[in-house]
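Asker: Have a peek at final_17.cif (mmCIF, C-alpha atoms).
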```cif
data_structure
#
loop_
_atom_site.group_PDB
_atom_site.id
_atom_site.type_symbol
_atom_site.label_atom_id
_atom_site.label_comp_id
_atom_site.auth_asym_id
_atom_site.auth_seq_id
_atom_site.Cartn_x
_atom_site.Cartn_y
_atom_site.Cartn_z
ATOM 1 C CA MET A 197 171.069 103.614 192.576
ATOM 2 C CA THR A 198 167.626 103.612 194.156
ATOM 3 C CA LYS A 199 166.367 100.118 194.887
ATOM 4 C CA PRO A 200 162.782 99.116 194.093
ATOM 5 C CA SER A 201 160.369 99.791 196.927
ATOM 6 C CA PRO A 202 159.848 96.750 199.155
ATOM 7 C CA VAL A 203 156.093 96.682 198.719
ATOM 8 C CA ARG A 204 153.894 93.707 199.442
ATOM 9 C CA THR A 205 151.434 92.871 196.713
ATOM 10 C CA SER A 206 148.803 90.210 196.469
ATOM 11 C CA PRO A 207 148.026 88.824 192.994
ATOM 12 C CA CYS A 208 144.523 87.998 194.210
ATOM 13 C CA SER A 209 143.838 91.532 195.472
ATOM 14 C CA ASP A 210 145.288 93.014 192.273
ATOM 15 C CA PHE A 211 142.988 90.815 190.197
ATOM 16 C CA VAL A 212 139.946 91.875 192.240
ATOM 17 C CA ARG A 213 140.867 95.561 191.901
ATOM 18 C CA PHE A 214 141.489 95.215 188.173
ATOM 19 C CA PHE A 215 138.289 93.257 187.603
ATOM 20 C CA ARG A 216 136.230 95.869 189.463
ATOM 21 C CA SER A 217 137.757 98.611 187.313
ATOM 22 C CA TRP A 218 136.922 96.615 184.200
ATOM 23 C CA LEU A 219 133.308 96.256 185.318
ATOM 24 C CA THR A 220 133.108 100.009 185.912
ATOM 25 C CA ASP A 221 134.659 101.047 182.589
ATOM 26 C CA PRO A 222 135.432 98.083 180.267
ATOM 27 C CA LEU A 223 136.496 100.256 177.324
ATOM 28 C CA ARG A 224 139.093 102.125 179.377
ATOM 29 C CA VAL A 225 140.518 99.110 181.217
ATOM 30 C CA ALA A 226 139.914 96.594 178.354
ATOM 31 C CA ALA A 227 141.286 93.587 180.292
ATOM 32 C CA ILE A 228 139.808 91.737 183.233
ATOM 33 C CA ALA A 229 143.193 90.989 184.833
ATOM 34 C CA PRO A 230 146.649 92.564 185.085
ATOM 35 C CA SER A 231 149.319 91.581 182.573
ATOM 36 C CA GLY A 232 151.456 88.549 183.379
ATOM 37 C CA GLN A 233 155.164 88.395 184.168
ATOM 38 C CA ALA A 234 156.059 87.006 180.711
ATOM 39 C CA LEU A 235 154.517 90.034 179.017
ATOM 40 C CA ALA A 236 156.121 92.393 181.545
ATOM 41 C CA ARG A 237 159.557 90.964 180.761
ATOM 42 C CA MET A 238 158.945 91.265 177.023
ATOM 43 C CA MET A 239 157.771 94.874 177.376
ATOM 44 C CA THR A 240 160.820 95.939 179.354
ATOM 45 C CA ARG A 241 163.685 93.851 177.991
ATOM 46 C CA GLU A 242 165.065 96.835 176.030
ATOM 47 C CA ILE A 243 164.820 99.212 179.008
ATOM 48 C CA PHE A 244 168.074 100.234 180.692
ATOM 49 C CA PRO A 245 169.050 102.778 183.364
ATOM 50 C CA GLY A 246 170.235 106.115 182.080
ATOM 51 C CA GLY A 247 167.357 108.578 182.148
ATOM 52 C CA PRO A 248 163.670 109.170 182.816
ATOM 53 C CA ILE A 249 161.127 106.493 181.886
ATOM 54 C CA LEU A 250 157.515 107.413 181.160
ATOM 55 C CA GLU A 251 154.831 104.804 181.788
ATOM 56 C CA LEU A 252 151.280 105.220 180.526
ATOM 57 C CA GLY A 253 148.428 103.317 182.146
ATOM 58 C CA PRO A 254 150.467 101.439 184.781
ATOM 59 C CA GLY A 255 147.367 100.039 186.494
ATOM 60 C CA THR A 256 148.510 97.846 189.387
ATOM 61 C CA GLY A 257 152.198 98.329 188.540
ATOM 62 C CA VAL A 258 153.104 95.058 186.797
ATOM 63 C CA PHE A 259 155.221 96.799 184.147
ATOM 64 C CA THR A 260 156.469 99.275 186.752
ATOM 65 C CA ARG A 261 158.009 96.494 188.829
ATOM 66 C CA ALA A 262 159.561 95.000 185.692
ATOM 67 C CA ILE A 263 161.111 98.373 184.828
ATOM 68 C CA LEU A 264 162.596 98.600 188.327
ATOM 69 C CA GLY A 265 163.872 95.064 187.890
ATOM 70 C CA ARG A 266 165.892 96.324 184.919
ATOM 71 C CA GLY A 267 167.835 98.565 187.306
ATOM 72 C CA VAL A 268 166.013 101.829 186.642
ATOM 73 C CA PRO A 269 165.880 104.028 189.784
ATOM 74 C CA GLU A 270 162.334 104.489 191.063
ATOM 75 C CA SER A 271 162.906 108.250 191.096
ATOM 76 C CA ASP A 272 163.355 108.155 187.299
ATOM 77 C CA LEU A 273 159.775 106.947 186.781
ATOM 78 C CA THR A 274 156.803 109.086 185.842
ATOM 79 C CA LEU A 275 153.524 107.143 185.916
ATOM 80 C CA ILE A 276 150.491 108.526 184.078
ATOM 81 C CA GLU A 277 147.291 106.943 185.380
ATOM 82 C CA TYR A 278 143.669 107.972 184.833
ATOM 83 C CA GLY A 279 141.975 105.780 187.440
ATOM 84 C CA ALA A 280 141.881 107.383 190.879
ATOM 85 C CA ASP A 281 141.948 104.024 192.697
ATOM 86 C CA PHE A 282 145.015 102.941 190.792
ATOM 87 C CA VAL A 283 146.701 106.306 191.432
ATOM 88 C CA ARG A 284 146.428 105.920 195.210
ATOM 89 C CA MET A 285 147.723 102.365 195.031
ATOM 90 C CA LEU A 286 150.680 103.384 192.833
ATOM 91 C CA GLU A 287 151.596 106.228 195.180
ATOM 92 C CA ASP A 288 151.667 103.748 198.046
ATOM 93 C CA ARG A 289 153.639 101.090 196.183
ATOM 94 C CA PHE A 290 156.140 103.394 194.462
ATOM 95 C CA PRO A 291 156.631 106.392 196.767
ATOM 96 C CA ALA A 292 159.801 107.606 195.013
ATOM 97 C CA ALA A 293 158.132 107.681 191.575
ATOM 98 C CA ARG A 294 156.170 110.640 190.228
ATOM 99 C CA VAL A 295 152.527 109.593 189.834
ATOM 100 C CA LEU A 296 150.259 111.907 187.831
ATOM 101 C CA GLU A 297 146.496 111.465 187.710
ATOM 102 C CA MET A 298 145.634 112.501 184.181
ATOM 103 C CA ASP A 299 144.350 111.380 180.794
ATOM 104 C CA ALA A 300 147.222 110.301 178.535
ATOM 105 C CA THR A 301 145.556 112.080 175.602
ATOM 106 C CA HIS A 302 146.407 115.374 177.356
ATOM 107 C CA LEU A 303 150.161 114.751 177.478
ATOM 108 C CA VAL A 304 150.826 117.294 174.769
ATOM 109 C CA HIS A 305 149.096 119.997 176.832
ATOM 110 C CA HIS A 306 151.155 119.492 180.002
ATOM 111 C CA GLN A 307 154.843 120.236 180.326
ATOM 112 C CA ILE A 308 155.743 117.215 182.428
ATOM 113 C CA TYR A 309 159.363 117.355 181.255
ATOM 114 C CA ALA A 310 161.662 120.102 180.050
ATOM 115 C CA GLY A 311 162.916 119.157 176.607
ATOM 116 C CA THR A 312 163.164 115.570 175.366
ATOM 117 C CA PRO A 313 164.939 113.619 178.105
ATOM 118 C CA VAL A 314 162.804 110.458 178.173
ATOM 119 C CA GLU A 315 164.688 107.253 177.410
ATOM 120 C CA ALA A 316 161.604 105.131 176.724
ATOM 121 C CA VAL A 317 157.820 105.082 177.005
ATOM 122 C CA VAL A 318 156.103 101.921 178.269
ATOM 123 C CA SER A 319 152.388 101.831 177.521
ATOM 124 C CA GLY A 320 149.794 99.603 179.154
ATOM 125 C CA LEU A 321 146.967 101.502 177.477
ATOM 126 C CA PRO A 322 144.314 99.511 175.565
ATOM 127 C CA LEU A 323 144.909 101.257 172.250
ATOM 128 C CA LEU A 324 142.653 98.862 170.330
ATOM 129 C CA SER A 325 139.632 100.227 172.204
ATOM 130 C CA ILE A 326 140.663 103.890 171.869
ATOM 131 C CA PRO A 327 139.546 106.016 168.859
ATOM 132 C CA ALA A 328 142.266 106.728 166.315
ATOM 133 C CA ARG A 329 142.266 110.485 166.955
ATOM 134 C CA LYS A 330 142.925 109.870 170.655
ATOM 135 C CA VAL A 331 145.651 107.350 169.839
ATOM 136 C CA MET A 332 147.266 110.067 167.727
ATOM 137 C CA SER A 333 147.084 112.504 170.646
ATOM 138 C CA ILE A 334 148.690 109.958 172.988
ATOM 139 C CA LEU A 335 151.568 109.225 170.629
ATOM 140 C CA ALA A 336 152.099 112.866 169.688
ATOM 141 C CA GLY A 337 152.267 113.801 173.363
ATOM 142 C CA ALA A 338 154.623 110.952 174.267
ATOM 143 C CA PHE A 339 157.016 111.690 171.413
ATOM 144 C CA THR A 340 157.123 115.315 172.519
ATOM 145 C CA TYR A 341 159.260 114.149 175.468
ATOM 146 C CA LEU A 342 160.990 111.118 173.943
ATOM 147 C CA ARG A 343 164.648 111.444 172.934
ATOM 148 C CA PRO A 344 165.355 111.140 169.174
ATOM 149 C CA ASN A 345 166.269 107.430 169.250
ATOM 150 C CA GLY A 346 163.877 106.466 172.043
ATOM 151 C CA GLY A 347 161.209 103.795 171.756
ATOM 152 C CA PHE A 348 157.516 103.653 172.629
ATOM 153 C CA TYR A 349 156.661 100.102 173.763
ATOM 154 C CA GLN A 350 153.105 98.886 173.312
ATOM 155 C CA PHE A 351 151.480 95.472 173.646
ATOM 156 C CA THR A 352 148.377 94.157 171.976
ATOM 157 C CA TYR A 353 146.184 91.075 172.036
ATOM 158 C CA GLY A 354 145.352 91.613 168.371
ATOM 159 C CA PRO A 355 147.025 90.174 165.240
ATOM 160 C CA ARG A 356 148.704 93.437 164.183
ATOM 161 C CA CYS A 357 150.027 96.716 165.544
ATOM 162 C CA PRO A 358 147.294 98.482 167.557
ATOM 163 C CA VAL A 359 148.282 101.865 166.114
ATOM 164 C CA PRO A 360 146.594 102.395 162.728
ATOM 165 C CA ALA A 361 148.984 102.789 159.800
ATOM 166 C CA VAL A 362 147.489 106.168 158.956
ATOM 167 C CA VAL A 363 148.368 107.435 162.436
ATOM 168 C CA LEU A 364 151.934 106.150 162.160
ATOM 169 C CA ASP A 365 152.352 107.790 158.745
ATOM 170 C CA ARG A 366 150.831 111.055 159.890
ATOM 171 C CA LEU A 367 153.238 111.287 162.839
ATOM 172 C CA GLY A 368 156.281 110.048 160.933
ATOM 173 C CA LEU A 369 156.584 106.860 163.006
ATOM 174 C CA ARG A 370 157.197 103.184 162.327
ATOM 175 C CA ALA A 371 156.288 100.076 164.335
ATOM 176 C CA THR A 372 158.349 96.905 164.720
ATOM 177 C CA ARG A 373 157.137 93.766 166.453
ATOM 178 C CA ILE A 374 159.855 92.698 168.874
ATOM 179 C CA GLY A 375 158.290 89.533 170.250
ATOM 180 C CA ARG A 376 155.305 87.600 171.561
ATOM 181 C CA ALA A 377 154.430 86.625 175.113
ATOM 182 C CA VAL A 378 152.680 83.324 174.385
ATOM 183 C CA LEU A 379 152.461 82.437 178.082
ATOM 184 C CA ASN A 380 150.456 85.555 178.848
ATOM 185 C CA ILE A 381 146.685 85.120 179.247
ATOM 186 C CA PRO A 382 145.669 85.928 176.585
ATOM 187 C CA PRO A 383 148.846 85.752 174.451
ATOM 188 C CA ALA A 384 150.130 89.171 173.437
ATOM 189 C CA ALA A 385 152.538 90.766 170.981
ATOM 190 C CA VAL A 386 154.860 93.662 171.793
ATOM 191 C CA TYR A 387 155.730 96.486 169.392
ATOM 192 C CA ARG A 388 158.454 99.106 169.477
ATOM 193 C CA ILE A 389 157.367 102.380 167.875
ATOM 194 C CA THR A 390 160.090 104.816 166.808
ATOM 195 C CA ARG A 391 160.558 107.825 164.600
ATOM 196 C CA GLN A 392 161.132 107.150 160.929
ATOM 197 C CA PRO A 393 164.609 108.013 159.632
ATOM 198 C CA ILE A 394 164.768 111.447 158.047
ATOM 199 C CA LYS A 395 164.786 111.196 154.269
ATOM 200 C CA PHE A 396 166.521 113.977 152.410
ATOM 201 C CA PRO A 397 165.061 114.818 148.975
ATOM 202 C CA LEU A 398 167.269 114.206 145.948
ATOM 203 C CA CYS A 399 168.089 117.293 143.928
ATOM 204 C CA PRO A 400 170.266 118.048 140.895
ATOM 205 C CA LEU A 401 173.910 118.728 141.712
ATOM 206 C CA PRO A 402 175.573 121.937 140.575
ATOM 207 C CA ASP A 403 177.905 121.374 137.634
ATOM 208 C CA SER A 404 180.760 122.927 139.623
ATOM 209 C CA TRP A 405 180.522 119.985 142.065
ATOM 210 C CA VAL A 406 180.989 117.334 139.396
ATOM 211 C CA THR A 407 184.326 115.920 138.323
ATOM 212 C CA LEU A 408 184.280 113.584 135.353
ATOM 213 C CA PRO A 409 186.298 110.359 135.687
ATOM 214 C CA THR A 410 189.744 110.905 134.194
ATOM 215 C CA SER A 411 191.155 107.394 134.250
ATOM 216 C CA GLU A 412 190.166 103.914 133.134
ATOM 217 C CA SER A 413 190.249 102.686 136.752
ATOM 218 C CA GLN A 414 187.739 105.334 137.823
ATOM 219 C CA HIS A 415 185.401 104.314 135.001
ATOM 220 C CA LYS A 416 185.702 100.663 136.063
ATOM 221 C CA VAL A 417 184.884 101.382 139.718
ATOM 222 C CA LEU A 418 181.813 103.366 138.715
ATOM 223 C CA GLU A 419 180.563 100.605 136.408
ATOM 224 C CA GLN A 420 181.038 97.937 139.097
ATOM 225 C CA ASN A 421 178.912 99.961 141.501
ATOM 226 C CA GLY A 422 176.262 100.848 138.960
ATOM 227 C CA GLY A 423 177.240 104.487 139.116
ATOM 228 C CA SER A 424 177.824 107.280 136.674
ATOM 229 C CA ALA A 425 180.216 110.126 136.274
ATOM 230 C CA ARG A 426 178.169 112.287 138.659
ATOM 231 C CA HIS A 427 179.189 110.046 141.599
ATOM 232 C CA LEU A 428 182.622 111.720 141.577
ATOM 233 C CA LEU A 429 182.135 114.959 143.407
ATOM 234 C CA THR A 430 184.239 117.937 144.344
ATOM 235 C CA PHE A 431 183.039 120.716 146.638
ATOM 236 C CA PRO A 432 183.822 124.367 145.895
#
```
Hey, can you dump this file as structure tokens for me?

Answerer:
Amino acid sequence: MTKPSPVRTSPCSDFVRFFRSWLTDPLRVAAIAPSGQALARMMTREIFPGGPILELGPGTGVFTRAILGRGVPESDLTLIEYGADFVRMLEDRFPAARVLEMDATHLVHHQIYAGTPVEAVVSGLPLLSIPARKVMSILAGAFTYLRPNGGFYQFTYGPRCPVPAVVLDRLGLRATRIGRAVLNIPPAAVYRITRQPIKFPLCPLPDSWVTLPTSESQHKVLEQNGGSARHLLTFP
């Protein structure tokens, strides 16, 4: 297993870098300081080694270090970062990770993985300040690479999920709040976004598949379970 890179980081220098980026583009960065350790632990507590991890908007690498702390090899990380200054810093701090300088809304247009191998997506993107159509592009692109039961982890400073319900419905996704980091400044909530279970439409059964109950005990079992004769099936 690859151990996390022994990089030296200064919280003060990270704050200065983050604050400068916020001054340059407040809508893209959306926070004046990096996320705290409490939020990083909450965001990554369901992450385990076993396959590639995709991180969106890693910034100074707070979530990245937390992912490595969960035992994930650095070589299993792909970091998608738009800010050129952050990209250079991430390449220096995590040399074994793959760092891509690109807009996360373009994920669907780039084949960064073959198939759907990604175990989880960790997002530090400020979705509340991103238009809904771009949020849809980000999620659609991420779920292109995410394994069927994988989760997309997103935090927010707002009172509800930062992904609009219409976007979730359109993409066949559901969001579950998995916790709050009350010690973070400001306090934040974390959501796990997953695919909705596939629902199969109900349709009439062919008569040849139906066996009527032939004994009093069968009738009794059906009545106890609120069923009818059509619950007893045979297959041709």

Asker: Which residues come within 12 Å of Tyr309 of chain A, counting only C-alpha atoms, excluding same-chain residues fewer than 5 positions away, as a list in words?

Answerer: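 Surrounding residues, per the criterion: Gly247, Pro248, Ile249, Leu250, Asp272, Leu273, Thr274, Arg294, Leu303, Val304, Val314, Gly337, Ala338, Phe339, Thr340, Tyr341, Leu342 and Arg343 of chain A.
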
Asker: Once the PyMOL selection byres ((chain A and resi 385-397) around 9) is applied to the coordinates I shared, what remains selected? I want it as a ChimeraX atom specification.

Answerer: /A:235,238-239,339,344-358,364,367-378,383-384,398-399

Asker: Pick out the residues sitting within 10 Å of Ala236 of chain A, and hand them over as a list of chain:residue names; count all atoms listed in the file, and ignore anything fewer than 3 positions along from it in its own chain.

Answerer: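 Answer for this query is A:Ser231, A:Gly232, A:Gln233, A:Met239, A:Thr240, A:Arg241, A:Gly257, A:Val258, A:Phe259, A:Thr260, A:Arg261, A:Ala262, A:Ile263, A:Gly320, A:Phe351, A:Ala377, A:Asn380, A:Val386.
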
Asker: Find the residue from A:Arg329, A:His305, A:Leu379, A:Glu297 that sits nearest to Arg366 of chain A; use all atoms listed in the file when measuring.

Answerer: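 Closest residue, counting all atoms listed in the file: A:Arg329.
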
Asker: Measuring between only C-alpha atoms, which one of A:Ser325, A:Thr312, A:Ser319, A:Thr301 shows the shortest distance to Glu251 of chain A?

Answerer: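 When distances to Glu251 of chain A are compared using only C-alpha atoms, the smallest one comes from A:Ser319.
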
Asker: I'd like the neighbourhood of Ala328 of chain A as a ChimeraX atom specification, where a residue qualifies if any of its atoms comes within 8 Å (using all atoms listed in the file), though same-chain residues fewer than 5 positions away should be ignored.

Answerer: /A:359-360,363
